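The file coords_26.cif contains mmCIF, C-alpha atoms:
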```cif
data_final
#
loop_
_atom_site.label_atom_id
_atom_site.label_comp_id
_atom_site.auth_asym_id
_atom_site.auth_seq_id
_atom_site.Cartn_x
_atom_site.Cartn_y
_atom_site.Cartn_z
CA MET P 17 15.69 -0.62 -13.74
CA ALA P 18 13.96 1.22 -10.87
CA ASN P 19 10.45 0.98 -12.29
CA VAL P 20 8.79 -0.93 -15.08
CA ARG P 21 7.65 1.64 -17.61
CA TRP P 22 4.16 0.96 -18.95
CA ALA P 23 2.04 2.07 -21.88
CA MET P 24 -1.68 1.36 -21.67
CA VAL P 25 -3.65 0.87 -24.89
CA GLY P 26 -7.21 2.19 -24.85
CA THR P 27 -9.10 5.22 -23.57
CA GLY P 28 -12.48 3.59 -22.93
CA LEU P 29 -14.04 1.93 -19.90
CA MET P 30 -10.89 0.06 -18.88
CA ALA P 31 -8.93 3.31 -18.74
CA ASP P 32 -11.65 4.83 -16.55
CA LEU P 33 -11.39 1.87 -14.19
CA ILE P 34 -7.63 1.37 -14.07
CA LEU P 35 -5.68 4.58 -14.68
CA ARG P 36 -6.01 5.91 -11.13
CA ASP P 37 -4.39 2.73 -9.79
CA PHE P 38 -1.08 3.30 -11.58
CA PRO P 39 0.19 5.96 -9.14
CA LEU P 40 -0.67 3.57 -6.28
CA SER P 41 1.39 0.72 -7.74
CA GLU P 42 4.95 0.12 -6.58
CA ASN P 43 7.79 -0.39 -9.09
CA THR P 44 5.53 0.97 -11.83
CA GLU P 45 5.46 4.09 -13.98
CA LEU P 46 2.78 4.86 -16.57
CA VAL P 47 4.74 6.46 -19.39
CA ALA P 48 2.04 6.63 -22.05
CA LEU P 49 -1.63 6.22 -22.85
CA VAL P 50 -2.20 4.88 -26.35
CA SER P 51 -5.02 5.96 -28.63
CA ARG P 52 -5.64 6.49 -32.34
CA ASP P 53 -6.79 9.97 -31.30
CA SER P 54 -4.17 11.72 -29.14
CA SER P 55 -6.73 14.29 -27.97
CA LYS P 56 -8.77 11.50 -26.32
CA ALA P 57 -5.69 10.27 -24.51
CA ASP P 58 -4.79 13.81 -23.42
CA GLN P 59 -8.31 14.35 -22.09
CA LYS P 60 -8.35 11.06 -20.20
CA LEU P 61 -4.97 11.71 -18.59
CA ALA P 62 -6.08 15.19 -17.57
CA GLU P 63 -9.27 13.78 -16.01
CA VAL P 64 -7.29 11.47 -13.72
CA GLY P 65 -4.41 13.89 -13.10
CA ILE P 66 -1.63 11.74 -14.53
CA SER P 67 1.28 13.19 -16.47
CA ALA P 68 2.09 10.83 -19.34
CA LEU P 69 2.60 10.81 -23.09
CA SER P 70 -0.21 10.42 -25.62
CA LEU P 71 1.03 8.03 -28.28
CA SER P 72 -0.18 5.91 -31.16
CA PHE P 73 0.30 2.17 -30.85
CA GLU P 74 3.12 2.25 -33.38
CA GLN P 75 4.87 4.99 -31.44
CA ALA P 76 4.47 3.10 -28.17
CA ILE P 77 6.00 -0.18 -29.34
CA ALA P 78 8.92 1.74 -30.86
CA HIS P 79 9.52 3.95 -27.83
CA PRO P 80 12.84 3.09 -26.13
CA GLU P 81 11.60 4.13 -22.68
CA ILE P 82 8.58 1.83 -22.63
CA ASP P 83 9.09 -1.69 -21.26
CA LEU P 84 5.59 -3.13 -21.24
CA ILE P 85 2.44 -2.71 -23.31
CA TYR P 86 -0.88 -3.19 -21.51
CA ILE P 87 -3.43 -4.04 -24.18
CA ALA P 88 -6.92 -2.99 -23.05
CA SER P 89 -8.54 -2.77 -26.48
CA PRO P 90 -11.53 -4.82 -27.77
CA HIS P 91 -10.93 -8.57 -28.08
CA SER P 92 -10.60 -8.32 -31.85
CA GLU P 93 -7.39 -6.29 -31.43
CA HIS P 94 -5.66 -8.44 -28.82
CA PHE P 95 -3.88 -10.89 -31.12
CA TRP P 96 -2.27 -8.56 -33.60
CA MET P 97 -1.36 -5.98 -30.97
CA ALA P 98 0.20 -8.59 -28.68
CA LYS P 99 2.17 -10.07 -31.56
CA ALA P 100 3.39 -6.66 -32.73
CA ALA P 101 4.41 -5.65 -29.20
CA LEU P 102 6.36 -8.86 -28.65
CA GLU P 103 8.07 -8.57 -32.03
CA ALA P 104 9.12 -5.06 -30.96
CA GLY P 105 10.68 -6.48 -27.78
CA LYS P 106 8.01 -5.33 -25.31
CA HIS P 107 6.57 -7.30 -22.42
CA ILE P 108 2.77 -7.61 -22.57
CA LEU P 109 -0.26 -7.68 -20.30
CA VAL P 110 -3.48 -8.34 -22.21
CA GLU P 111 -7.01 -7.77 -20.96
CA LYS P 112 -9.18 -10.78 -20.37
CA SER P 113 -10.13 -12.80 -22.10
CA PHE P 114 -6.53 -13.02 -23.30
CA MET P 115 -7.38 -13.81 -26.93
CA ASN P 116 -10.34 -14.76 -29.09
CA SER P 117 -9.39 -18.44 -28.97
CA ALA P 118 -7.01 -20.89 -27.34
CA GLU P 119 -5.21 -21.25 -30.68
CA GLU P 120 -4.38 -17.53 -30.69
CA ALA P 121 -3.36 -17.67 -27.02
CA GLU P 122 -1.00 -20.59 -27.61
CA GLU P 123 0.71 -18.70 -30.44
CA ILE P 124 1.18 -15.55 -28.38
CA TYR P 125 2.49 -17.37 -25.30
CA ALA P 126 4.88 -19.38 -27.49
CA LEU P 127 6.18 -16.20 -29.12
CA ALA P 128 6.66 -14.55 -25.73
CA ARG P 129 8.67 -17.54 -24.49
CA GLN P 130 10.73 -17.51 -27.68
CA LYS P 131 11.48 -13.81 -27.18
CA ASN P 132 12.10 -14.31 -23.43
CA LEU P 133 9.47 -11.66 -22.69
CA PHE P 134 6.81 -11.52 -19.98
CA SER P 135 3.19 -12.16 -20.98
CA MET P 136 0.00 -12.52 -18.96
CA GLU P 137 -3.76 -12.25 -19.11
CA ALA P 138 -5.00 -9.36 -16.95
CA MET P 139 -7.09 -11.48 -14.56
CA TRP P 140 -6.89 -9.02 -11.67
CA THR P 141 -9.27 -11.03 -9.44
CA LYS P 142 -6.51 -13.56 -8.79
CA PHE P 143 -4.40 -10.88 -7.07
CA LEU P 144 -7.03 -9.43 -4.73
CA PRO P 145 -6.45 -9.87 -0.96
CA LEU P 146 -9.95 -11.19 -0.15
CA HIS P 147 -9.93 -13.87 -2.82
CA ASN P 148 -6.48 -15.12 -1.91
CA GLU P 149 -7.52 -15.40 1.73
CA LEU P 150 -10.64 -17.33 0.69
CA ILE P 151 -8.44 -19.75 -1.25
CA GLU P 152 -6.51 -20.45 1.96
CA ILE P 153 -9.74 -20.85 3.96
CA VAL P 154 -11.01 -23.44 1.49
CA LYS P 155 -7.68 -25.29 1.53
CA SER P 156 -7.69 -25.31 5.34
CA GLY P 157 -10.87 -27.41 5.38
CA ARG P 158 -12.82 -24.84 7.32
CA ILE P 159 -15.94 -25.44 5.21
CA GLY P 160 -15.12 -29.13 4.87
CA GLN P 161 -14.53 -30.84 1.55
CA LEU P 162 -15.37 -28.43 -1.28
CA ARG P 163 -18.25 -29.84 -3.30
CA LEU P 164 -19.80 -27.06 -5.38
CA ILE P 165 -18.76 -23.73 -6.90
CA GLU P 166 -21.31 -21.32 -8.36
CA ALA P 167 -20.59 -18.00 -10.07
CA ASN P 168 -23.00 -15.62 -11.81
CA PHE P 169 -22.23 -12.63 -14.00
CA GLY P 170 -25.45 -11.72 -15.75
CA LEU P 171 -26.62 -8.29 -16.85
CA LEU P 172 -29.75 -7.11 -18.63
CA ARG P 173 -28.56 -5.01 -21.55
CA THR P 174 -30.27 -3.81 -24.72
CA PHE P 175 -28.71 -5.41 -27.79
CA ASP P 176 -26.64 -2.94 -29.81
CA ASN P 177 -24.59 -4.41 -32.62
CA ASP P 178 -22.42 -1.29 -32.74
CA HIS P 179 -21.22 -1.86 -29.16
CA ARG P 180 -18.16 -4.06 -28.61
CA LEU P 181 -20.05 -6.29 -26.15
CA PHE P 182 -22.44 -7.43 -28.88
CA ASN P 183 -20.46 -7.03 -32.11
CA LYS P 184 -19.10 -10.30 -33.50
CA GLU P 185 -16.24 -8.64 -35.35
CA LEU P 186 -15.08 -7.03 -32.10
CA GLY P 187 -15.17 -10.30 -30.16
CA GLY P 188 -18.52 -9.67 -28.52
CA GLY P 189 -20.62 -12.05 -26.44
CA SER P 190 -21.03 -12.86 -22.78
CA SER P 191 -18.39 -15.62 -22.64
CA LEU P 192 -15.31 -13.60 -23.56
CA ASP P 193 -16.36 -10.62 -21.46
CA GLN P 194 -18.12 -12.21 -18.44
CA GLY P 195 -17.71 -15.95 -18.71
CA VAL P 196 -13.96 -15.54 -18.41
CA TYR P 197 -14.59 -14.43 -14.80
CA THR P 198 -17.04 -17.21 -13.91
CA THR P 199 -14.83 -19.86 -15.52
CA THR P 200 -11.69 -18.53 -13.85
CA LEU P 201 -13.30 -18.52 -10.41
CA ASN P 202 -14.54 -22.09 -10.87
CA ARG P 203 -11.18 -23.43 -12.06
CA TRP P 204 -9.19 -21.46 -9.46
CA PHE P 205 -11.14 -22.56 -6.41
CA ALA P 206 -11.62 -26.14 -7.64
CA ASP P 207 -7.83 -26.34 -7.90
CA SER P 208 -8.19 -29.17 -10.39
CA PRO P 209 -8.31 -29.52 -14.18
CA ILE P 210 -11.68 -29.52 -15.93
CA LYS P 211 -12.71 -33.11 -16.67
CA HIS P 212 -15.97 -32.32 -18.44
CA GLN P 213 -18.18 -29.34 -19.20
CA CYS P 214 -21.43 -28.68 -21.02
CA THR P 215 -23.22 -25.43 -21.78
CA SER P 216 -26.82 -24.46 -22.46
CA GLY P 217 -28.17 -21.04 -23.41
CA TYR P 218 -28.63 -19.17 -26.66
CA ASN P 219 -27.01 -16.77 -29.12
CA TYR P 220 -28.14 -13.47 -30.54
CA PRO P 221 -29.10 -13.54 -34.25
CA ASN P 222 -25.59 -12.30 -35.13
CA GLY P 223 -24.06 -15.43 -33.59
CA VAL P 224 -22.55 -14.08 -30.34
CA ASP P 225 -23.64 -15.68 -27.09
CA ALA P 226 -26.36 -13.91 -25.12
CA LEU P 227 -26.68 -16.48 -22.31
CA ALA P 228 -24.21 -19.23 -21.43
CA MET P 229 -24.87 -21.56 -18.48
CA THR P 230 -21.98 -23.98 -18.04
CA ASN P 231 -21.75 -27.01 -15.77
CA PHE P 232 -18.22 -28.13 -14.86
CA GLU P 233 -16.98 -31.45 -13.54
CA PHE P 234 -13.44 -31.22 -12.20
CA GLU P 235 -11.01 -34.13 -11.98
CA ASN P 236 -11.03 -34.03 -8.16
CA GLY P 237 -14.82 -34.44 -8.06
CA VAL P 238 -15.77 -30.81 -7.39
CA ALA P 239 -18.81 -29.64 -9.37
CA GLY P 240 -19.03 -26.14 -10.77
CA ARG P 241 -21.51 -23.80 -12.35
CA GLY P 242 -20.65 -20.65 -14.28
CA ASN P 243 -23.42 -18.50 -15.75
CA SER P 244 -22.85 -15.44 -17.91
CA SER P 245 -25.32 -13.26 -19.77
CA LEU P 246 -25.83 -9.94 -21.49
CA ALA P 247 -29.57 -10.51 -21.73
CA THR P 248 -30.57 -11.83 -18.30
CA ALA P 249 -30.08 -10.34 -14.82
CA LEU P 250 -28.52 -13.41 -13.21
CA GLY P 251 -26.92 -11.54 -10.34
CA LEU P 252 -23.22 -11.01 -9.66
CA ALA P 253 -22.44 -13.18 -6.66
CA ALA P 254 -20.63 -16.51 -6.14
CA ARG P 255 -20.81 -19.38 -3.64
CA LEU P 256 -18.35 -22.00 -2.45
CA VAL P 257 -20.16 -24.95 -0.87
CA GLY P 258 -18.41 -27.49 1.33
CA ASP P 259 -19.53 -30.35 3.58
CA LEU P 260 -19.35 -28.13 6.67
CA GLY P 261 -20.20 -24.68 5.38
CA ILE P 262 -20.73 -22.13 2.65
CA ILE P 263 -18.76 -19.08 1.58
CA GLU P 264 -20.85 -16.41 -0.12
CA ILE P 265 -18.69 -14.05 -2.16
CA GLN P 266 -20.66 -10.82 -2.32
CA GLU P 267 -21.56 -8.86 -5.46
CA ALA P 268 -19.73 -8.25 -7.63
CA PHE P 269 -17.77 -11.40 -6.92
CA TRP P 270 -14.76 -10.59 -9.13
CA HIS P 271 -13.78 -7.41 -7.27
CA THR P 272 -15.61 -7.40 -3.95
CA THR P 273 -13.91 -6.87 -0.60
CA ASP P 274 -16.60 -8.80 1.29
CA ALA P 275 -17.67 -12.38 1.90
CA VAL P 276 -19.90 -14.23 4.36
CA ILE P 277 -18.75 -17.53 5.85
CA LYS P 278 -21.43 -19.85 7.21
CA THR P 279 -20.35 -23.00 9.07
CA TYR P 280 -22.54 -25.71 10.56
CA ALA P 281 -22.10 -28.14 13.43
CA PRO P 282 -23.17 -31.76 12.79
CA ASN P 283 -26.96 -32.24 12.98
CA SER P 284 -27.58 -28.50 13.26
CA ASP P 285 -29.34 -26.26 10.77
CA VAL P 286 -28.19 -23.10 12.55
CA ALA P 287 -25.14 -21.55 10.99
CA LYS P 288 -22.31 -19.73 12.66
CA VAL P 289 -22.00 -16.60 10.53
CA GLU P 290 -18.82 -14.58 10.04
CA GLN P 291 -18.51 -11.44 7.96
CA LEU P 292 -15.13 -11.25 6.25
CA SER P 293 -13.89 -7.98 4.77
CA ARG P 294 -10.46 -7.32 3.32
CA PRO P 295 -9.49 -3.91 1.91
CA ARG P 296 -7.89 -3.49 -1.46
CA LYS P 297 -5.53 -0.88 -2.80
CA GLY P 298 -7.32 1.69 -4.96
CA ALA P 299 -9.89 0.13 -7.26
CA GLY P 300 -8.10 -3.20 -6.86
CA TYR P 301 -6.04 -3.24 -10.04
CA ALA P 302 -2.90 -2.07 -8.26
CA HIS P 303 -2.33 -5.56 -6.83
CA MET P 304 -2.11 -7.04 -10.32
CA ILE P 305 -0.09 -4.13 -11.71
CA GLU P 306 2.50 -4.48 -8.95
CA ALA P 307 2.70 -8.25 -9.42
CA VAL P 308 3.33 -7.84 -13.14
CA SER P 309 6.01 -5.19 -12.58
CA ASN P 310 7.69 -7.38 -9.97
CA SER P 311 7.68 -10.35 -12.35
CA VAL P 312 9.30 -8.25 -15.07
CA LEU P 313 11.89 -6.89 -12.65
CA GLY P 314 12.58 -10.45 -11.50
CA GLY P 315 13.24 -11.63 -15.05
CA GLU P 316 10.16 -13.89 -15.15
CA ILE P 317 8.30 -14.60 -18.38
CA GLU P 318 5.10 -15.59 -16.57
CA ASN P 319 3.59 -14.93 -13.17
CA ARG P 320 3.18 -17.88 -10.82
CA GLN P 321 -0.17 -16.56 -9.59
CA HIS P 322 -1.68 -16.58 -13.09
CA THR P 323 0.29 -18.89 -15.35
CA HIS P 324 0.13 -19.45 -19.08
CA ALA P 325 -1.19 -22.97 -18.49
CA PHE P 326 -4.07 -21.72 -16.33
CA SER P 327 -4.99 -19.01 -18.83
CA LEU P 328 -4.90 -21.53 -21.70
CA GLU P 329 -7.17 -23.95 -19.87
CA VAL P 330 -9.72 -21.18 -19.32
CA MET P 331 -9.44 -20.13 -22.97
CA ARG P 332 -10.07 -23.71 -24.13
CA SER P 333 -13.08 -23.85 -21.82
CA LEU P 334 -14.48 -20.65 -23.35
CA ASP P 335 -13.95 -22.12 -26.82
CA LYS P 336 -15.97 -25.17 -25.76
CA THR P 337 -18.71 -22.99 -24.22
CA ARG P 338 -19.20 -21.11 -27.47
CA ALA P 339 -19.01 -24.28 -29.53
CA ASP P 340 -21.80 -25.82 -27.44
CA LEU P 341 -24.05 -22.88 -28.33
CA SER P 342 -23.25 -22.78 -32.04
#
```

Just dump the structure as structure tokens.
Amino acid sequence: MANVRWAMVGTGLMADLILRDFPLSENTELVALVSRDSSKADQKLAEVGISALSLSFEQAIAHPEIDLIYIASPHSEHFWMAKAALEAGKHILVEKSFMNSAEEAEEIYALARQKNLFSMEAMWTKFLPLHNELIEIVKSGRIGQLRLIEANFGLLRTFDNDHRLFNKELGGGSSLDQGVYTTTLNRWFADSPIKHQCTSGYNYPNGVDALAMTNFEFENGVAGRGNSSLATALGLAARLVGDLGIIEIQEAFWHTTDAVIKTYAPNSDVAKVEQLSRPRKGAGYAHMIEAVSNSVLGGEIENRQHTHAFSLEVMRSLDKTRADLS
């Protein structure tokens, strides 16, 4: 197999963000864009200048020249689509958050293992060059012992129950859409299981979370804070605070190419400041796409950079966040 042959499900925002990165991704070929309306898929492909098929989901999972289904539909569709794709013998990549609950995620990962098929949550941040270099900087002790992680993903949006971000039936709410990023960053950089968490905030009248502010305590003693909102402009930056310095991950923290590193000498309040910038390929999704294709070509059923266990821990955390607000 020279390339892994992909079909992407969805013609909305995710397609706008990601499609142009497919031609930049090694070992990868986008064979089809999946939509219930083939004219929408045709139009989207024409806009980005990609030659691919326009298929229904049923056609895609039955197509013999498609290896992997990338599910970028609303959260409400993730479970049944992932299950159907696996039952049809296709590898899967599923947009974050992976499922609506940890229970659903456990079932899908178990089915994928049973079928000996690759499966992963599409947490592209974990494949970006800047973030992986920051992980190594933290591990090196350059900012001393890591003590605190803070991540904010808060937007001021007008409530619209017809929009997927707010609609309960479509898996709406800030946690599944934004909190998955803040929770992932906290857990990733802490490099330790979550020992305890508690969330404050509030829900919209329809029951989906409008504001979720979560405090984490990790088993290694690191403290974390992840704030997500659809109703409050919290900002989009993150900070990693150690005994000897601070790393400020610039907005928007989940896809930025820039960070500021501030380190302090003992008994000095004057920081040594370093600007760190690391380019990414395309819009940044190509790094994840290539990693997934390489895992499939290597016969792996999960990727070591973003494992099933990590994804499940984040999903359980998001379940707890929403339970705290109910």

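CA of Gly187 (chain P) is found 29.9 Å from CA of Thr44 (chain P).
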
Inset, instruction - Identify all residues satisfying the PyMOL selection byres ((chain P and resi 48-56) around 7) in the given file; provide them as a list in words. - result: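 After applying the PyMOL selection byres ((chain P and resi 48-56) around 7), what remains is Trp22, Ala23, Met24, Val25, Gly26, Thr27, Leu46, Val47, Ala57, Asp58, Gln59, Lys60, Ala68, Leu69, Ser70, Leu71, Ser72 and Phe73 of chain P.
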
Legend entry - Selection: 9 Å around region 325-332 of chain P, all atoms listed in the file, excl. self and same-chain fewer than 4 positions, as a ChimeraX atom specification: /P:113-119,121-122,136-137,139,192,196,199-200,203-204,209-210,336-337

Next, dump the selected residues to file, keeping only C-alpha atoms, as a compact mmCIF listing (two decimals), in the coordinates of the input.
```
# COMPACT_ATOMS: atom_id res chain seq x y z
CA SER P 113 -10.13 -12.80 -22.10
CA PHE P 114 -6.53 -13.02 -23.30
CA MET P 115 -7.38 -13.81 -26.93
CA ASN P 116 -10.34 -14.76 -29.09
CA SER P 117 -9.39 -18.44 -28.97
CA ALA P 118 -7.01 -20.89 -27.34
CA GLU P 119 -5.21 -21.25 -30.68
CA ALA P 121 -3.36 -17.67 -27.02
CA GLU P 122 -1.00 -20.59 -27.61
CA MET P 136 0.00 -12.52 -18.96
CA GLU P 137 -3.76 -12.25 -19.11
CA MET P 139 -7.09 -11.48 -14.56
CA LEU P 192 -15.31 -13.60 -23.56
CA VAL P 196 -13.96 -15.54 -18.41
CA THR P 199 -14.83 -19.86 -15.52
CA THR P 200 -11.69 -18.53 -13.85
CA ARG P 203 -11.18 -23.43 -12.06
CA TRP P 204 -9.19 -21.46 -9.46
CA PRO P 209 -8.31 -29.52 -14.18
CA ILE P 210 -11.68 -29.52 -15.93
CA LYS P 336 -15.97 -25.17 -25.76
CA THR P 337 -18.71 -22.99 -24.22
```

Inset, instruction - Find, counting all atoms listed in the file, the residue in P:Ile85, P:Cys214, P:Leu35, P:Val154 that gets nearest to Tyr301 (chain P). - result: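 Selected residue with least distance to Tyr301 (chain P): P:Leu35.
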
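Between Lys297 (chain P) and the residues P:Lys131, P:His271, P:His179, P:His322, the shortest atom-to-atom distance, using all atoms listed in the file, involves P:His271.
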
Inset, instruction - Can you work out which one of P:Leu164, P:Leu146, P:Leu172, P:Met97 has the shortest atom-to-atom distance to Ser293 (chain P), counting only C-alpha atoms? - result: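 Closest to Ser293 (chain P), using only C-alpha atoms: P:Leu146.
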
Inset, instruction - Check what the PyMOL selection byres ((chain P and resi 157) around 12) selects in the file above and give those residues as an MDAnalysis selection string. - result: chainID P and resid 150:156 158:163 257:262 279

For the residues selected in the previous step, produce a file with C-alpha atoms as a CSV table (one decimal), keeping the file's coordinate frame.
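As a result, out_21.csv now contains:
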```csv
chain,number,residue,atom,x,y,z
P,150,LEU,CA,-10.6,-17.3,0.7
P,151,ILE,CA,-8.4,-19.8,-1.2
P,152,GLU,CA,-6.5,-20.4,2.0
P,153,ILE,CA,-9.7,-20.8,4.0
P,154,VAL,CA,-11.0,-23.4,1.5
P,155,LYS,CA,-7.7,-25.3,1.5
P,156,SER,CA,-7.7,-25.3,5.3
P,158,ARG,CA,-12.8,-24.8,7.3
P,159,ILE,CA,-15.9,-25.4,5.2
P,160,GLY,CA,-15.1,-29.1,4.9
P,161,GLN,CA,-14.5,-30.8,1.6
P,162,LEU,CA,-15.4,-28.4,-1.3
P,163,ARG,CA,-18.2,-29.8,-3.3
P,257,VAL,CA,-20.2,-25.0,-0.9
P,258,GLY,CA,-18.4,-27.5,1.3
P,259,ASP,CA,-19.5,-30.4,3.6
P,260,LEU,CA,-19.4,-28.1,6.7
P,261,GLY,CA,-20.2,-24.7,5.4
P,262,ILE,CA,-20.7,-22.1,2.6
P,279,THR,CA,-20.4,-23.0,9.1
```

Inset, instruction - Quick one: apply the PyMOL selection byres ((chain P and resi 303) around 10) to the file and drop the selected residues here as a PyMOL selection string. - result: chain P and resi 37+40-42+140-145+296-302+304-308

Legend entry - Atom pair CA of Glu111 (chain P) / CA of Ser89 (chain P): separation (Å):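 Distance reported for this atom pair: 7.6 Å.
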
Inset, instruction - Just give me the gap between CA of Leu250 (chain P) and CA of Gly223 (chain P) in Å, one decimal is fine. - result: 21.0 Å

Radius query 7 Å about (2.6, -12.0, -23.8), atoms used: all atoms listed in the file, as a PDB file with C-alpha atoms, in the coordinates of the input:
```pdb
ATOM      1  CA  ALA P  98       0.200  -8.590 -28.680  1.00  0.00           C
ATOM      2  CA  LEU P 102       6.360  -8.860 -28.650  1.00  0.00           C
ATOM      3  CA  HIS P 107       6.570  -7.300 -22.420  1.00  0.00           C
ATOM      4  CA  ILE P 108       2.770  -7.610 -22.570  1.00  0.00           C
ATOM      5  CA  LEU P 109      -0.260  -7.680 -20.300  1.00  0.00           C
ATOM      6  CA  ILE P 124       1.180 -15.550 -28.380  1.00  0.00           C
ATOM      7  CA  TYR P 125       2.490 -17.370 -25.300  1.00  0.00           C
ATOM      8  CA  ALA P 128       6.660 -14.550 -25.730  1.00  0.00           C
ATOM      9  CA  LEU P 133       9.470 -11.660 -22.690  1.00  0.00           C
ATOM     10  CA  PHE P 134       6.810 -11.520 -19.980  1.00  0.00           C
ATOM     11  CA  SER P 135       3.190 -12.160 -20.980  1.00  0.00           C
ATOM     12  CA  MET P 136       0.000 -12.520 -18.960  1.00  0.00           C
TER      13      MET P 136
END
```

Inset, instruction - Find the residue from P:Pro80, P:Gly28, P:Gly195, P:Gly105 that sits nearest to Asp335 (chain P); use only C-alpha atoms when measuring. - result: P:Gly195

Legend entry - Counting only C-alpha atoms, the option among P:Ser284, P:Ile77, P:Lys106, P:Thr174 closest to Asn132 (chain P): P:Lys106

Inset, instruction - Select, counting only C-alpha atoms, all protein, DNA and RNA residues no farther than 7 Å from (-19.3, -27.8, -18.7) in file coordinates, and express the selection as a PyMOL selection string. - result: chain P and resi 212-215+230-233

Please produce an output containing C-alpha atoms for each residue in the selection, written as a short mmCIF file (atom, residue, chain, number, x, y, z; two decimals), keeping the file's coordinate frame.
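What ended up in result.cif:
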```
data_model
loop_
_atom_site.label_atom_id
_atom_site.label_comp_id
_atom_site.auth_asym_id
_atom_site.auth_seq_id
_atom_site.Cartn_x
_atom_site.Cartn_y
_atom_site.Cartn_z
CA HIS P 212 -15.97 -32.32 -18.44
CA GLN P 213 -18.18 -29.34 -19.20
CA CYS P 214 -21.43 -28.68 -21.02
CA THR P 215 -23.22 -25.43 -21.78
CA THR P 230 -21.98 -23.98 -18.04
CA ASN P 231 -21.75 -27.01 -15.77
CA PHE P 232 -18.22 -28.13 -14.86
CA GLU P 233 -16.98 -31.45 -13.54
#
```

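Between Leu171 (chain P) and the residues P:Asn236, P:Thr248, P:Asn243, P:Gln194, the shortest atom-to-atom distance, using all atoms listed in the file, involves P:Thr248.
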
Inset, instruction - Pick out the residues sitting within 6 Å of Asp225 (chain P), and hand them over as a list in words; count only C-alpha atoms, and ignore anything fewer than 3 positions along from it in its own chain. - result: Gly189, Ser190 and Asn219 of chain P

Legend entry - Residue contacts of Asn168 (chain P) (8 Å, only C-alpha atoms) excluding same-chain residues fewer than 3 positions away, as a list in words: Thr198, Gly242, Asn243, Ser244, Leu250, Gly251, Leu252, Ala253 and Ala254 of chain P
